[in-house]
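Student: One structure is given below, represented as structure tokens, and several questions about it will come after.
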Amino acid sequence: MLANLFQDTLSLGIAQAVAAALLAILAMWVARTQRIHLERETLVALVRGIVQIVAVGSILVFVFKGPTWTGAIVLAIMMAVAALISARRSRELPGAYRVAFISIVLGAGAVIATMTSLGVIAPTLTSLIPIGSMIIASTMNASALALERFKAELLAHVGQIEAGLALGAAPSATVGPYLQAAVTASLIPQINSLRSLGIVWIPGLMAGMVLSGTDPLYAAVYQFVVIAMIFGASSVTSVTAALLVRPRVFTPADQLILRPRG
Amino acid sequence: MTDAGAILRIDHLTRVVHDVRVVDDVSLEVARGDILAVVGPSGAGKSSFLRLLNRLDEPTSGTVYLNGRDYTAIPPRELRHQIGMVMQSAYLFPGTIAQNISYGPAQRGIELSSARIDSLLRDVGLAGRGTGDVALLSGGEAQRVALARALANEPQLLLLDEPTSALDETARKEIEVLIGTILREHRLACVIVTHDRAQARRIATRVMVMERGRLTALGSVEEVLDAR
């Protein structure tokens, strides 16, 4: 319907964006009638989302015309920002940003590099950047969840941890169960996406490939490939983040640094 | 009391947190067989003081000598094997009573014999209960397990941080008697923090009073508690 009204893709895009945004505003209005106020969050998120994605789209127009090595710079910037966002909820953990950054670079960077050299990811900017960004985004979540959960578990078990220390246990032994819980919890989203793949959830990449005319079977297999890469990268990131942050919550004299506020 | 007889020599021990001197220049000695009660109003720094003795917290200045050796030169894990601690709550680990008791020695790769576990269980009045799940214990029973768990390391000194204050009246009396018996039988030195002066009078051989981080009185039970 909209396609009949708008001839060029840009105005069509704007019209489609307005239609989608109106739907979100409608949802907000329905919530408001039930006295659930989402106005501020919705509007801020909508405006922020459109500005960000259009800005990125415009940048990509230029980036895609550049040489392939610029892809590495773009991905590096993405990883730095991902680490920043990932560490935000765990500021109490000493060195959270550094831990998040190293673990994201190890997880996402290693998987992207290996898969590109194997030819699973085509060494072109149009494939490297979108697929790389998906992998980086999921390692960002894995690192954020692992750090957040580890912090929460420590704060909830200060007594047990110090009881262990007081009995002469090594710091790593006293936080073992909480490290395990943090890594497991951080991978639940990835495990769920693997489980529900295709049944509950037809992921964006596959949807996009099918929309743009790729054979659905190939799109399906390639989507699995991407999800598997995401899972691998997230696992590496999560385990690395947990192992790197563990010694940082203790002093050299085996004293627990983290303490509930109060 | 001579230096040779002192297990602990506490030397100008001070801890400053956010510009507050929570423990302020405390010096004294604890000898074998001493049962030293630390009393004083809440917020006086009693627990903070105790946590410095096994180096769960770091002194800002001053130090502690364990058998004449500066404790900052002793690896913390070794230090904490020799100085046992029981806190206000038992903080048991998920699992069985026997697993909890075995925890300390297991950290050094030592597996406690079942005879040794049985004897520790008898010491704390829980004979034959080793396979019980700690999740099912009452507060008093949990505190008995915590005590046995600390004793399993065969410490020279026991730190007790309000060990009965989270318990009901009956359990409190039982644990108090148990502590007295164990300390005497094992001839263990002990530093016990309590807000209960009557308890200090029943258990302790010496008393120190803390106020705002400072040691304000130290002496025999009669000297300190009867003078106030």
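Chain labels A, B, ... are given in the sequence in which chains occur in the structure tokens; within each chain residues are numbered consecutively from 1, and ligands are likewise numbered from 1 in the order shown.
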Excluding B:Val16 and its own-chain neighbours fewer than 3 positions away, which residues fall within 10 Å of it when counting only C-alpha atoms? Please give them as a PyMOL selection string.
Tutor: chain B and resi 19-24+58-61+213
Student: Selection from above, C-alpha atoms, as a JSON list (two decimals), in the first residue's frame, can you write it?
Tutor:
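See out39.json below for the written result:
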```json
[["chain", "number", "residue", "atom", "x", "y", "z"],
["B", 19, "ASP", "CA", 38.66, 8.73, 57.43],
["B", 20, "VAL", "CA", 37.10, 7.00, 60.44],
["B", 21, "ARG", "CA", 39.48, 5.21, 62.78],
["B", 22, "VAL", "CA", 37.34, 2.10, 63.30],
["B", 23, "VAL", "CA", 40.20, 0.47, 65.19],
["B", 24, "ASP", "CA", 42.52, 2.98, 66.77],
["B", 58, "GLU", "CA", 43.92, -5.10, 56.28],
["B", 59, "PRO", "CA", 45.33, -2.92, 59.08],
["B", 60, "THR", "CA", 46.06, 0.64, 57.99],
["B", 61, "SER", "CA", 48.99, 0.65, 60.38],
["B", 213, "GLY", "CA", 37.86, 2.13, 68.12]]
```
Student: Given a cut-off of 10 Å, which residues of chain A touch chain B, counting only C-alpha atoms, written out as a VMD selection string?
Tutor: chain A and resid 157 to 171 173 to 174 251 to 257
Student: So that I can check the surroundings of A:Ser90, please list as a list in words every protein, DNA and RNA residue that reaches within 9 Å of it, counting only C-alpha atoms and ignoring chain neighbours fewer than 6 positions away.
Tutor: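 Close residues of A:Ser90: Ala96, Tyr97, Ala144, Leu147, Glu148 and Lys151 of chain A.
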Student: Export C-alpha atoms of the chosen residues as a compact mmCIF listing (two decimals), in the first residue's frame?
Tutor:
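Heads up, here's the output in selection_4.txt:
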```txt
# COMPACT_ATOMS: atom_id res chain seq x y z
CA ALA A 96 35.09 -4.01 34.98
CA TYR A 97 35.70 -2.11 31.72
CA ALA A 144 27.36 -7.89 30.97
CA LEU A 147 29.71 -9.68 35.43
CA GLU A 148 26.36 -8.58 36.80
CA LYS A 151 28.66 -9.34 41.42
```
Student: Just list as number ranges by chain whatever in chain B DSSP marks as strand (DSSP E or B).
Tutor: B: 6-17, 20-31, 35-39, 61-66, 69-70, 83-86, 96, 133, 157-161, 189-193, 206-211, 214-220
Student: Identify which of the residues B:Gln199, B:Val221, B:Val193, B:Val207 lies closest to B:Ser42, counting only C-alpha atoms when measuring atom-to-atom distances.
Tutor: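 The answer is B:Val193, which sits nearest to B:Ser42.
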Student: Suppose you want the space between atom CA of A:Ser196 and atom CA of A:Ser138; what is it in Å?
Tutor: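 Atom CA of A:Ser196 sits 16.5 Å away from atom CA of A:Ser138.
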Student: Would you mind reading off the distance between atom CA of A:Ala3 and atom CA of A:Trp201, one decimal, in Å?
Tutor: 27.3 Å
Student: So that I can check the surroundings of stretch 98-102 of chain A, please list as a list in words every protein, DNA and RNA residue that reaches within 8 Å of it, counting only C-alpha atoms and ignoring chain neighbours fewer than 2 positions away.
Tutor: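 Neighbouring residues, sequence-local ones excluded: Met79, Ala80, Ala82, Ala83, Leu84, Ser86, Ala87, Gly95, Ala96, Ile104, Val105, Leu106, Met140, Ser143, Ala144, Ala241, Leu244 and Val245 of chain A.
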Student: For the atom pair atom CA of A:Pro189 and atom CA of A:Ile50, what is the interatomic distance in Å to one decimal place?
Tutor: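 Distance between the two atoms: 25.7 Å.
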Student: Determine which residues of stretch 128-217 of chain B receive a DSSP assignment of helix (DSSP H, G or I), computed from the backbone, and state them as a count of residues only.
Tutor: 40
Student: Please determine, counting only C-alpha atoms, which residue among B:Ala98, B:Leu137, B:Ile7, B:Ala198 has the shortest atom-to-atom distance to B:Ser119.
Tutor: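 Using only C-alpha atoms, B:Ser119 sits closest to B:Ala98.
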